[in-house]
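protein-v4.cif (mmCIF, N, CA and C atoms)
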data_final
#
loop_
_atom_site.label_atom_id
_atom_site.label_comp_id
_atom_site.auth_asym_id
_atom_site.auth_seq_id
_atom_site.Cartn_x
_atom_site.Cartn_y
_atom_site.Cartn_z
N MET A 1 0.85 -1.16 0.00
CA MET A 1 0.00 0.00 0.00
C MET A 1 0.90 1.22 0.00
N MET A 2 0.61 2.16 -0.92
CA MET A 2 1.38 3.39 -0.97
C MET A 2 0.47 4.56 -0.65
N VAL A 3 0.88 5.35 0.36
CA VAL A 3 0.16 6.56 0.73
C VAL A 3 0.75 7.70 -0.09
N LEU A 4 -0.10 8.31 -0.90
CA LEU A 4 0.34 9.35 -1.83
C LEU A 4 -0.10 10.73 -1.35
N SER A 5 0.70 11.73 -1.67
CA SER A 5 0.35 13.11 -1.38
C SER A 5 0.91 13.99 -2.49
N PRO A 6 0.09 14.94 -2.97
CA PRO A 6 0.60 15.87 -3.98
C PRO A 6 1.56 16.89 -3.40
N ARG A 7 1.71 16.87 -2.10
CA ARG A 7 2.61 17.83 -1.45
C ARG A 7 4.07 17.42 -1.57
N MET A 8 4.30 16.22 -2.06
CA MET A 8 5.66 15.77 -2.37
C MET A 8 5.70 15.67 -3.89
N PRO A 9 6.49 16.50 -4.56
CA PRO A 9 6.38 16.69 -6.00
C PRO A 9 6.47 15.44 -6.87
N TYR A 10 7.25 14.46 -6.50
CA TYR A 10 7.41 13.31 -7.38
C TYR A 10 6.44 12.18 -7.07
N ALA A 11 5.69 12.26 -5.99
CA ALA A 11 4.83 11.16 -5.57
C ALA A 11 3.83 10.75 -6.65
N LEU A 12 3.09 11.70 -7.18
CA LEU A 12 2.06 11.36 -8.17
C LEU A 12 2.66 10.98 -9.52
N LYS A 13 3.73 11.64 -9.90
CA LYS A 13 4.36 11.34 -11.20
C LYS A 13 5.01 9.96 -11.21
N GLU A 14 5.62 9.56 -10.13
CA GLU A 14 6.35 8.29 -10.08
C GLU A 14 5.48 7.10 -9.69
N TRP A 15 4.32 7.34 -9.12
CA TRP A 15 3.44 6.27 -8.68
C TRP A 15 3.14 5.24 -9.77
N PRO A 16 2.74 5.63 -10.99
CA PRO A 16 2.44 4.61 -12.00
C PRO A 16 3.63 3.69 -12.29
N ARG A 17 4.82 4.24 -12.38
CA ARG A 17 6.02 3.44 -12.66
C ARG A 17 6.30 2.48 -11.51
N MET A 18 6.28 3.00 -10.31
CA MET A 18 6.58 2.17 -9.14
C MET A 18 5.51 1.08 -8.96
N LYS A 19 4.28 1.42 -9.23
CA LYS A 19 3.20 0.43 -9.15
C LYS A 19 3.41 -0.68 -10.18
N ARG A 20 3.70 -0.30 -11.41
CA ARG A 20 3.93 -1.30 -12.47
C ARG A 20 5.10 -2.23 -12.12
N ALA A 21 6.18 -1.65 -11.62
CA ALA A 21 7.35 -2.45 -11.27
C ALA A 21 7.02 -3.46 -10.18
N ALA A 22 6.31 -3.05 -9.17
CA ALA A 22 5.96 -3.96 -8.07
C ALA A 22 4.98 -5.04 -8.54
N GLU A 23 4.01 -4.64 -9.35
CA GLU A 23 3.04 -5.63 -9.86
C GLU A 23 3.72 -6.64 -10.78
N ALA A 24 4.71 -6.19 -11.52
CA ALA A 24 5.40 -7.09 -12.46
C ALA A 24 6.11 -8.24 -11.75
N VAL A 25 6.45 -8.05 -10.48
CA VAL A 25 7.10 -9.13 -9.73
C VAL A 25 6.16 -9.80 -8.73
N GLY A 26 4.87 -9.53 -8.87
CA GLY A 26 3.89 -10.28 -8.10
C GLY A 26 3.27 -9.60 -6.89
N PHE A 27 3.61 -8.36 -6.62
CA PHE A 27 2.98 -7.67 -5.50
C PHE A 27 1.60 -7.16 -5.91
N LYS A 28 0.65 -7.23 -5.00
CA LYS A 28 -0.65 -6.57 -5.19
C LYS A 28 -0.45 -5.16 -4.64
N VAL A 29 -0.71 -4.16 -5.46
CA VAL A 29 -0.41 -2.78 -5.10
C VAL A 29 -1.70 -1.97 -4.98
N VAL A 30 -1.81 -1.26 -3.87
CA VAL A 30 -2.97 -0.42 -3.61
C VAL A 30 -2.48 0.98 -3.28
N GLY A 31 -3.07 1.96 -3.92
CA GLY A 31 -2.74 3.35 -3.62
C GLY A 31 -3.85 3.98 -2.80
N VAL A 32 -3.45 4.76 -1.81
CA VAL A 32 -4.39 5.54 -1.00
C VAL A 32 -3.81 6.94 -0.89
N ARG A 33 -4.67 7.90 -0.58
CA ARG A 33 -4.16 9.26 -0.49
C ARG A 33 -4.06 9.70 0.97
N ASP A 34 -3.19 10.64 1.17
CA ASP A 34 -2.98 11.23 2.49
C ASP A 34 -4.30 11.88 2.93
N PRO A 35 -4.84 11.50 4.09
CA PRO A 35 -6.13 12.03 4.52
C PRO A 35 -6.11 13.51 4.88
N ARG A 36 -4.92 14.08 5.02
CA ARG A 36 -4.82 15.49 5.36
C ARG A 36 -4.95 16.40 4.15
N VAL A 37 -4.97 15.80 2.95
CA VAL A 37 -5.09 16.58 1.72
C VAL A 37 -6.57 16.70 1.37
N PRO A 38 -7.09 17.92 1.32
CA PRO A 38 -8.51 18.10 0.99
C PRO A 38 -8.82 17.59 -0.42
N PRO A 39 -10.04 17.10 -0.64
CA PRO A 39 -10.41 16.59 -1.97
C PRO A 39 -10.17 17.58 -3.10
N SER A 40 -10.40 18.86 -2.86
CA SER A 40 -10.19 19.86 -3.92
C SER A 40 -8.71 19.95 -4.30
N GLU A 41 -7.83 19.91 -3.31
CA GLU A 41 -6.39 19.95 -3.58
C GLU A 41 -5.96 18.67 -4.32
N TRP A 42 -6.51 17.54 -3.89
CA TRP A 42 -6.20 16.26 -4.54
C TRP A 42 -6.62 16.31 -6.01
N ALA A 43 -7.83 16.79 -6.28
CA ALA A 43 -8.33 16.86 -7.65
C ALA A 43 -7.44 17.75 -8.52
N GLU A 44 -7.07 18.90 -8.01
CA GLU A 44 -6.20 19.81 -8.76
C GLU A 44 -4.84 19.16 -9.03
N ALA A 45 -4.32 18.47 -8.05
CA ALA A 45 -3.00 17.85 -8.18
C ALA A 45 -3.01 16.71 -9.19
N THR A 46 -4.03 15.87 -9.16
CA THR A 46 -4.08 14.76 -10.12
C THR A 46 -4.23 15.28 -11.54
N GLU A 47 -4.98 16.36 -11.70
CA GLU A 47 -5.12 16.96 -13.03
C GLU A 47 -3.79 17.56 -13.48
N ALA A 48 -3.13 18.30 -12.60
CA ALA A 48 -1.86 18.93 -12.94
C ALA A 48 -0.78 17.90 -13.25
N ALA A 49 -0.84 16.76 -12.57
CA ALA A 49 0.15 15.70 -12.79
C ALA A 49 -0.17 14.87 -14.03
N GLY A 50 -1.33 15.10 -14.62
CA GLY A 50 -1.72 14.31 -15.79
C GLY A 50 -2.06 12.88 -15.41
N GLU A 51 -2.57 12.68 -14.20
CA GLU A 51 -2.92 11.35 -13.70
C GLU A 51 -4.39 11.30 -13.28
N PRO A 52 -5.30 11.46 -14.25
CA PRO A 52 -6.73 11.49 -13.89
C PRO A 52 -7.23 10.20 -13.26
N ASP A 53 -6.55 9.07 -13.49
CA ASP A 53 -6.97 7.81 -12.88
C ASP A 53 -6.83 7.85 -11.36
N LEU A 54 -6.04 8.76 -10.85
CA LEU A 54 -5.85 8.86 -9.40
C LEU A 54 -6.92 9.69 -8.70
N LEU A 55 -7.79 10.34 -9.48
CA LEU A 55 -8.78 11.25 -8.90
C LEU A 55 -9.60 10.59 -7.80
N HIS A 56 -10.02 9.35 -8.00
CA HIS A 56 -10.91 8.69 -7.03
C HIS A 56 -10.17 7.80 -6.04
N THR A 57 -8.89 8.04 -5.86
CA THR A 57 -8.10 7.28 -4.89
C THR A 57 -8.66 7.56 -3.50
N PRO A 58 -8.99 6.51 -2.75
CA PRO A 58 -9.55 6.74 -1.41
C PRO A 58 -8.49 7.24 -0.43
N ALA A 59 -8.94 7.97 0.56
CA ALA A 59 -8.05 8.42 1.63
C ALA A 59 -7.93 7.29 2.66
N ILE A 60 -6.73 7.10 3.15
CA ILE A 60 -6.53 6.14 4.24
C ILE A 60 -7.04 6.80 5.52
N ASP A 61 -7.53 6.02 6.44
CA ASP A 61 -7.96 6.53 7.74
C ASP A 61 -6.75 7.19 8.42
N GLN A 62 -6.93 8.39 8.91
CA GLN A 62 -5.80 9.14 9.46
C GLN A 62 -5.19 8.45 10.69
N ASP A 63 -6.00 7.90 11.56
CA ASP A 63 -5.46 7.21 12.73
C ASP A 63 -4.67 5.97 12.32
N GLN A 64 -5.21 5.23 11.35
CA GLN A 64 -4.50 4.04 10.86
C GLN A 64 -3.16 4.44 10.23
N ALA A 65 -3.19 5.47 9.40
CA ALA A 65 -1.96 5.92 8.74
C ALA A 65 -0.93 6.38 9.76
N ALA A 66 -1.37 7.09 10.77
CA ALA A 66 -0.45 7.56 11.81
C ALA A 66 0.15 6.38 12.58
N ALA A 67 -0.68 5.41 12.90
CA ALA A 67 -0.20 4.23 13.62
C ALA A 67 0.82 3.44 12.81
N LEU A 68 0.68 3.47 11.49
CA LEU A 68 1.60 2.76 10.61
C LEU A 68 2.85 3.57 10.29
N GLY A 69 2.90 4.81 10.74
CA GLY A 69 4.06 5.66 10.45
C GLY A 69 4.09 6.16 9.03
N ALA A 70 2.91 6.25 8.41
CA ALA A 70 2.84 6.59 6.98
C ALA A 70 2.52 8.06 6.71
N LEU A 71 2.54 8.90 7.73
CA LEU A 71 2.22 10.31 7.49
C LEU A 71 3.43 11.23 7.66
N ASN A 72 4.60 10.66 7.87
CA ASN A 72 5.80 11.48 8.07
C ASN A 72 6.43 11.92 6.76
N HIS A 73 6.14 11.21 5.68
CA HIS A 73 6.75 11.50 4.38
C HIS A 73 5.88 10.83 3.32
N SER A 74 5.79 11.46 2.18
CA SER A 74 5.03 10.84 1.08
C SER A 74 5.90 10.82 -0.16
N PRO A 75 5.84 9.81 -0.94
CA PRO A 75 5.02 8.64 -0.66
C PRO A 75 5.63 7.77 0.43
N ALA A 76 4.75 7.10 1.13
CA ALA A 76 5.15 6.12 2.13
C ALA A 76 4.51 4.80 1.73
N SER A 77 5.32 3.78 1.54
CA SER A 77 4.81 2.48 1.11
C SER A 77 4.92 1.49 2.25
N LEU A 78 3.87 0.69 2.39
CA LEU A 78 3.83 -0.31 3.45
C LEU A 78 3.69 -1.68 2.82
N VAL A 79 4.52 -2.60 3.25
CA VAL A 79 4.39 -3.99 2.81
C VAL A 79 3.56 -4.69 3.87
N ILE A 80 2.45 -5.28 3.42
CA ILE A 80 1.50 -5.92 4.33
C ILE A 80 1.32 -7.37 3.91
N ARG A 81 1.35 -8.25 4.90
CA ARG A 81 1.14 -9.67 4.65
C ARG A 81 0.26 -10.21 5.76
N CYS A 82 -0.81 -10.90 5.38
CA CYS A 82 -1.72 -11.51 6.35
C CYS A 82 -2.24 -10.49 7.36
N GLY A 83 -2.49 -9.27 6.90
CA GLY A 83 -3.02 -8.23 7.77
C GLY A 83 -1.99 -7.55 8.66
N GLN A 84 -0.73 -7.94 8.55
CA GLN A 84 0.32 -7.34 9.36
C GLN A 84 1.22 -6.50 8.48
N ALA A 85 1.38 -5.24 8.86
CA ALA A 85 2.26 -4.34 8.11
C ALA A 85 3.67 -4.42 8.67
N HIS A 86 4.65 -4.39 7.76
CA HIS A 86 6.04 -4.31 8.20
C HIS A 86 6.19 -3.00 8.98
N PRO A 87 6.93 -3.00 10.08
CA PRO A 87 7.00 -1.81 10.93
C PRO A 87 7.74 -0.61 10.33
N TRP A 88 8.46 -0.80 9.24
CA TRP A 88 9.20 0.30 8.64
C TRP A 88 8.63 0.64 7.28
N PRO A 89 7.93 1.76 7.16
CA PRO A 89 7.47 2.18 5.83
C PRO A 89 8.65 2.46 4.91
N VAL A 90 8.44 2.26 3.64
CA VAL A 90 9.44 2.61 2.62
C VAL A 90 9.12 4.04 2.22
N LEU A 91 10.04 4.94 2.44
CA LEU A 91 9.78 6.36 2.22
C LEU A 91 10.38 6.85 0.91
N GLY A 92 9.58 7.61 0.18
CA GLY A 92 10.06 8.28 -1.00
C GLY A 92 9.95 7.50 -2.29
N VAL A 93 10.52 8.11 -3.31
CA VAL A 93 10.54 7.59 -4.67
C VAL A 93 11.95 7.07 -4.93
N MET A 94 12.05 5.93 -5.62
CA MET A 94 13.37 5.38 -5.92
C MET A 94 13.35 4.64 -7.25
N PRO A 95 14.51 4.39 -7.82
CA PRO A 95 14.59 3.61 -9.07
C PRO A 95 14.06 2.19 -8.83
N ASP A 96 13.70 1.53 -9.93
CA ASP A 96 13.08 0.21 -9.83
C ASP A 96 13.92 -0.81 -9.07
N GLY A 97 15.21 -0.89 -9.32
CA GLY A 97 16.04 -1.90 -8.66
C GLY A 97 16.00 -1.80 -7.14
N PRO A 98 16.35 -0.64 -6.59
CA PRO A 98 16.28 -0.49 -5.13
C PRO A 98 14.86 -0.63 -4.58
N TRP A 99 13.88 -0.14 -5.32
CA TRP A 99 12.47 -0.23 -4.91
C TRP A 99 12.07 -1.70 -4.73
N LEU A 100 12.36 -2.50 -5.73
CA LEU A 100 11.99 -3.91 -5.65
C LEU A 100 12.79 -4.65 -4.58
N ALA A 101 14.05 -4.28 -4.42
CA ALA A 101 14.89 -4.92 -3.39
C ALA A 101 14.34 -4.66 -2.00
N VAL A 102 13.94 -3.44 -1.73
CA VAL A 102 13.42 -3.13 -0.40
C VAL A 102 12.05 -3.77 -0.18
N LEU A 103 11.22 -3.82 -1.21
CA LEU A 103 9.92 -4.51 -1.07
C LEU A 103 10.12 -5.99 -0.76
N ARG A 104 11.04 -6.61 -1.48
CA ARG A 104 11.31 -8.04 -1.26
C ARG A 104 11.90 -8.29 0.13
N ALA A 105 12.75 -7.40 0.59
CA ALA A 105 13.33 -7.56 1.93
C ALA A 105 12.26 -7.46 3.01
N ARG A 106 11.36 -6.49 2.86
CA ARG A 106 10.27 -6.35 3.84
C ARG A 106 9.36 -7.59 3.78
N GLU A 107 9.07 -8.04 2.57
CA GLU A 107 8.23 -9.24 2.40
C GLU A 107 8.88 -10.44 3.07
N ALA A 108 10.16 -10.63 2.86
CA ALA A 108 10.88 -11.78 3.44
C ALA A 108 10.81 -11.74 4.96
N GLN A 109 10.94 -10.56 5.54
CA GLN A 109 10.86 -10.45 7.00
C GLN A 109 9.45 -10.81 7.48
N LEU A 110 8.43 -10.40 6.75
CA LEU A 110 7.05 -10.71 7.14
C LEU A 110 6.72 -12.19 6.96
N LYS A 111 7.35 -12.84 5.98
CA LYS A 111 7.08 -14.25 5.74
C LYS A 111 7.52 -15.12 6.91
N SER A 112 8.37 -14.58 7.76
CA SER A 112 8.81 -15.36 8.91
C SER A 112 7.75 -15.39 10.01
N THR A 113 6.69 -14.60 9.84
CA THR A 113 5.59 -14.62 10.81
C THR A 113 4.47 -15.52 10.28
N THR A 114 3.71 -16.09 11.18
CA THR A 114 2.64 -17.00 10.80
C THR A 114 1.36 -16.23 10.52
N CYS A 115 0.70 -16.60 9.43
CA CYS A 115 -0.60 -15.99 9.11
C CYS A 115 -1.69 -16.69 9.91
N CYS A 116 -2.66 -15.91 10.32
CA CYS A 116 -3.79 -16.48 11.07
C CYS A 116 -4.88 -16.93 10.13
#

Rewrite the structure from the file as structure tokens, please.
Amino acid sequence: MMVLSPRMPYALKEWPRMKRAAEAVGFKVVGVRDPRVPPSEWAEATEAAGEPDLLHTPAIDQDQAAALGALNHSPASLVIRCGQAHPWPVLGVMPDGPWLAVLRAREAQLKSTTCC
């Protein structure tokens, strides 16, 4: 899950690429928007970024996002397995190689826990 905000300039522009890269290696990717961004600001930002498909991105619950540490920087990506989020969000935008390496590392750490 990636928490997006137009207040970080590369978040919306890089989201499609990062999403495609993660999906290409088998991750299910979900985008949510920062709940502190008003809908009008979100709409303007998605239009300005040329990403109209992001217009209806749901906002994550603010308490949930805060508990997950996903409101300190955007984008903030969380690797979740069996309802458990890795305790360290992946912060920022990065090239595909490092992005996939960090996702796989977080996934490997979560695989050591038992699913209910």

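Picture a line from atom CA of A:Asp34 to atom CA of A:Leu71; it runs 7.3 Å.
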
Output of the PyMOL selection byres ((chain A and resi 47-57) around 7), listed as a JSON list (two decimals) with N, CA and C atoms, in the frame of the given file:
[["chain", "number", "residue", "atom", "x", "y", "z"],
["A", 12, "LEU", "N", 3.09, 11.70, -7.18],
["A", 12, "LEU", "CA", 2.06, 11.36, -8.17],
["A", 12, "LEU", "C", 2.66, 10.98, -9.52],
["A", 13, "LYS", "N", 3.73, 11.64, -9.90],
["A", 13, "LYS", "CA", 4.36, 11.34, -11.20],
["A", 13, "LYS", "C", 5.01, 9.96, -11.21],
["A", 31, "GLY", "N", -3.07, 1.96, -3.92],
["A", 31, "GLY", "CA", -2.74, 3.35, -3.62],
["A", 31, "GLY", "C", -3.85, 3.98, -2.80],
["A", 32, "VAL", "N", -3.45, 4.76, -1.81],
["A", 32, "VAL", "CA", -4.39, 5.54, -1.00],
["A", 32, "VAL", "C", -3.81, 6.94, -0.89],
["A", 33, "ARG", "N", -4.67, 7.90, -0.58],
["A", 33, "ARG", "CA", -4.16, 9.26, -0.49],
["A", 33, "ARG", "C", -4.06, 9.70, 0.97],
["A", 42, "TRP", "N", -6.51, 17.54, -3.89],
["A", 42, "TRP", "CA", -6.20, 16.26, -4.54],
["A", 42, "TRP", "C", -6.62, 16.31, -6.01],
["A", 43, "ALA", "N", -7.83, 16.79, -6.28],
["A", 43, "ALA", "CA", -8.33, 16.86, -7.65],
["A", 43, "ALA", "C", -7.44, 17.75, -8.52],
["A", 44, "GLU", "N", -7.07, 18.90, -8.01],
["A", 44, "GLU", "CA", -6.20, 19.81, -8.76],
["A", 44, "GLU", "C", -4.84, 19.16, -9.03],
["A", 45, "ALA", "N", -4.32, 18.47, -8.05],
["A", 45, "ALA", "CA", -3.00, 17.85, -8.18],
["A", 45, "ALA", "C", -3.01, 16.71, -9.19],
["A", 46, "THR", "N", -4.03, 15.87, -9.16],
["A", 46, "THR", "CA", -4.08, 14.76, -10.12],
["A", 46, "THR", "C", -4.23, 15.28, -11.54],
["A", 58, "PRO", "N", -8.99, 6.51, -2.75],
["A", 58, "PRO", "CA", -9.55, 6.74, -1.41],
["A", 58, "PRO", "C", -8.49, 7.24, -0.43],
["A", 59, "ALA", "N", -8.94, 7.97, 0.56],
["A", 59, "ALA", "CA", -8.05, 8.42, 1.63],
["A", 59, "ALA", "C", -7.93, 7.29, 2.66],
["A", 60, "ILE", "N", -6.73, 7.10, 3.15],
["A", 60, "ILE", "CA", -6.53, 6.14, 4.24],
["A", 60, "ILE", "C", -7.04, 6.80, 5.52]]

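Rounded to one decimal, atom C of A:Leu78 and atom N of A:Ala108 lie 11.0 Å from each other.
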
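Among the candidates A:Gln84, A:Ser5, A:Ser77, A:Ser112, the residue lying nearest to A:Leu100 is A:Ser77 (atoms considered: only C-alpha atoms).
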
Please, which residues of chain A, numbered as in this document, come out strand (DSSP E) from DSSP, as a list in words? Met2, Val3, Leu4, Gly31, Val32, Arg33, Ala76, Ser77, Ile80, Arg81, Gln84, Ala85, Val90 and Leu91 of chain A

For each of A:Val25, A:Val79, A:Asn72, A:Glu14, take the minimum atom-to-atom distance to A:Met1, counting only N, CA and C atoms, then give the residue where this is smallest. A:Val79

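Take atom C of A:Gly26 and atom C of A:Gly97: the distance between them is 14.9 Å.
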
Just the residues within 8 Å of stretch 87-93 of chain A, please, counting all atoms listed in the file, with nothing from its chain fewer than 4 positions along; format it as a list in words. Tyr10, Ala11, Glu14, Trp15, Leu68, Gly69, Ala70, Asn72, His73, Ser74, Pro75, Ala76, Ser77, Leu78, Val79, Trp99, Val102, Leu103 and Arg106 of chain A

With the file shown as input, list the residues that the PyMOL selection byres (((chain A and resi 81 and name CA) around 10) and name CA) selects, as an MDAnalysis selection string. chainID A and resid 78:80 82:86 106:107 110:111 113:115

Completion of stretch 59-79 of chain A up to N, CA, C and O atoms, as a PDB file, keeping the file's coordinate frame:
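Result saved to result04.pdb:
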ATOM      1  N   ALA A  59      -8.940   7.970   0.560  1.00  0.00           N
ATOM      2  CA  ALA A  59      -8.050   8.420   1.630  1.00  0.00           C
ATOM      3  C   ALA A  59      -7.930   7.290   2.660  1.00  0.00           C
ATOM      4  O   ALA A  59      -8.901   6.607   2.952  1.00  0.00           O
ATOM      5  N   ILE A  60      -6.730   7.100   3.150  1.00  0.00           N
ATOM      6  CA  ILE A  60      -6.530   6.140   4.240  1.00  0.00           C
ATOM      7  C   ILE A  60      -7.040   6.800   5.520  1.00  0.00           C
ATOM      8  O   ILE A  60      -6.991   8.034   5.667  1.00  0.00           O
ATOM      9  N   ASP A  61      -7.530   6.020   6.440  1.00  0.00           N
ATOM     10  CA  ASP A  61      -7.960   6.530   7.740  1.00  0.00           C
ATOM     11  C   ASP A  61      -6.750   7.190   8.420  1.00  0.00           C
ATOM     12  O   ASP A  61      -5.660   6.593   8.476  1.00  0.00           O
ATOM     13  N   GLN A  62      -6.930   8.390   8.910  1.00  0.00           N
ATOM     14  CA  GLN A  62      -5.800   9.140   9.460  1.00  0.00           C
ATOM     15  C   GLN A  62      -5.190   8.450  10.690  1.00  0.00           C
ATOM     16  O   GLN A  62      -3.971   8.403  10.823  1.00  0.00           O
ATOM     17  N   ASP A  63      -6.000   7.900  11.560  1.00  0.00           N
ATOM     18  CA  ASP A  63      -5.460   7.210  12.730  1.00  0.00           C
ATOM     19  C   ASP A  63      -4.670   5.970  12.320  1.00  0.00           C
ATOM     20  O   ASP A  63      -3.600   5.684  12.883  1.00  0.00           O
ATOM     21  N   GLN A  64      -5.210   5.230  11.350  1.00  0.00           N
ATOM     22  CA  GLN A  64      -4.500   4.040  10.860  1.00  0.00           C
ATOM     23  C   GLN A  64      -3.160   4.440  10.230  1.00  0.00           C
ATOM     24  O   GLN A  64      -2.133   3.826  10.502  1.00  0.00           O
ATOM     25  N   ALA A  65      -3.190   5.470   9.400  1.00  0.00           N
ATOM     26  CA  ALA A  65      -1.960   5.920   8.740  1.00  0.00           C
ATOM     27  C   ALA A  65      -0.930   6.380   9.760  1.00  0.00           C
ATOM     28  O   ALA A  65       0.258   6.063   9.633  1.00  0.00           O
ATOM     29  N   ALA A  66      -1.370   7.090  10.770  1.00  0.00           N
ATOM     30  CA  ALA A  66      -0.450   7.560  11.810  1.00  0.00           C
ATOM     31  C   ALA A  66       0.150   6.380  12.580  1.00  0.00           C
ATOM     32  O   ALA A  66       1.353   6.346  12.836  1.00  0.00           O
ATOM     33  N   ALA A  67      -0.680   5.410  12.900  1.00  0.00           N
ATOM     34  CA  ALA A  67      -0.200   4.230  13.620  1.00  0.00           C
ATOM     35  C   ALA A  67       0.820   3.440  12.810  1.00  0.00           C
ATOM     36  O   ALA A  67       1.731   2.830  13.364  1.00  0.00           O
ATOM     37  N   LEU A  68       0.680   3.470  11.490  1.00  0.00           N
ATOM     38  CA  LEU A  68       1.600   2.760  10.610  1.00  0.00           C
ATOM     39  C   LEU A  68       2.850   3.570  10.290  1.00  0.00           C
ATOM     40  O   LEU A  68       3.746   3.097   9.590  1.00  0.00           O
ATOM     41  N   GLY A  69       2.900   4.810  10.740  1.00  0.00           N
ATOM     42  CA  GLY A  69       4.060   5.660  10.450  1.00  0.00           C
ATOM     43  C   GLY A  69       4.090   6.160   9.030  1.00  0.00           C
ATOM     44  O   GLY A  69       5.151   6.473   8.496  1.00  0.00           O
ATOM     45  N   ALA A  70       2.910   6.250   8.410  1.00  0.00           N
ATOM     46  CA  ALA A  70       2.840   6.590   6.980  1.00  0.00           C
ATOM     47  C   ALA A  70       2.520   8.060   6.710  1.00  0.00           C
ATOM     48  O   ALA A  70       2.246   8.415   5.573  1.00  0.00           O
ATOM     49  N   LEU A  71       2.540   8.900   7.730  1.00  0.00           N
ATOM     50  CA  LEU A  71       2.220  10.310   7.490  1.00  0.00           C
ATOM     51  C   LEU A  71       3.430  11.230   7.660  1.00  0.00           C
ATOM     52  O   LEU A  71       3.311  12.433   7.567  1.00  0.00           O
ATOM     53  N   ASN A  72       4.600  10.660   7.870  1.00  0.00           N
ATOM     54  CA  ASN A  72       5.800  11.480   8.070  1.00  0.00           C
ATOM     55  C   ASN A  72       6.430  11.920   6.760  1.00  0.00           C
ATOM     56  O   ASN A  72       7.192  12.871   6.727  1.00  0.00           O
ATOM     57  N   HIS A  73       6.140  11.210   5.680  1.00  0.00           N
ATOM     58  CA  HIS A  73       6.750  11.500   4.380  1.00  0.00           C
ATOM     59  C   HIS A  73       5.880  10.830   3.320  1.00  0.00           C
ATOM     60  O   HIS A  73       5.321   9.777   3.572  1.00  0.00           O
ATOM     61  N   SER A  74       5.790  11.460   2.180  1.00  0.00           N
ATOM     62  CA  SER A  74       5.030  10.840   1.080  1.00  0.00           C
ATOM     63  C   SER A  74       5.900  10.820  -0.160  1.00  0.00           C
ATOM     64  O   SER A  74       6.631  11.768  -0.396  1.00  0.00           O
ATOM     65  N   PRO A  75       5.840   9.810  -0.940  1.00  0.00           N
ATOM     66  CA  PRO A  75       5.020   8.640  -0.660  1.00  0.00           C
ATOM     67  C   PRO A  75       5.630   7.770   0.430  1.00  0.00           C
ATOM     68  O   PRO A  75       6.841   7.752   0.620  1.00  0.00           O
ATOM     69  N   ALA A  76       4.750   7.100   1.130  1.00  0.00           N
ATOM     70  CA  ALA A  76       5.150   6.120   2.130  1.00  0.00           C
ATOM     71  C   ALA A  76       4.510   4.800   1.730  1.00  0.00           C
ATOM     72  O   ALA A  76       3.294   4.728   1.553  1.00  0.00           O
ATOM     73  N   SER A  77       5.320   3.780   1.540  1.00  0.00           N
ATOM     74  CA  SER A  77       4.810   2.480   1.110  1.00  0.00           C
ATOM     75  C   SER A  77       4.920   1.490   2.250  1.00  0.00           C
ATOM     76  O   SER A  77       5.924   1.450   2.966  1.00  0.00           O
ATOM     77  N   LEU A  78       3.870   0.690   2.390  1.00  0.00           N
ATOM     78  CA  LEU A  78       3.830  -0.310   3.450  1.00  0.00           C
ATOM     79  C   LEU A  78       3.690  -1.680   2.820  1.00  0.00           C
ATOM     80  O   LEU A  78       2.857  -1.884   1.935  1.00  0.00           O
ATOM     81  N   VAL A  79       4.520  -2.600   3.250  1.00  0.00           N
ATOM     82  CA  VAL A  79       4.390  -3.990   2.810  1.00  0.00           C
ATOM     83  C   VAL A  79       3.560  -4.690   3.870  1.00  0.00           C
ATOM     84  O   VAL A  79       3.895  -4.670   5.058  1.00  0.00           O
TER      85      VAL A  79
END
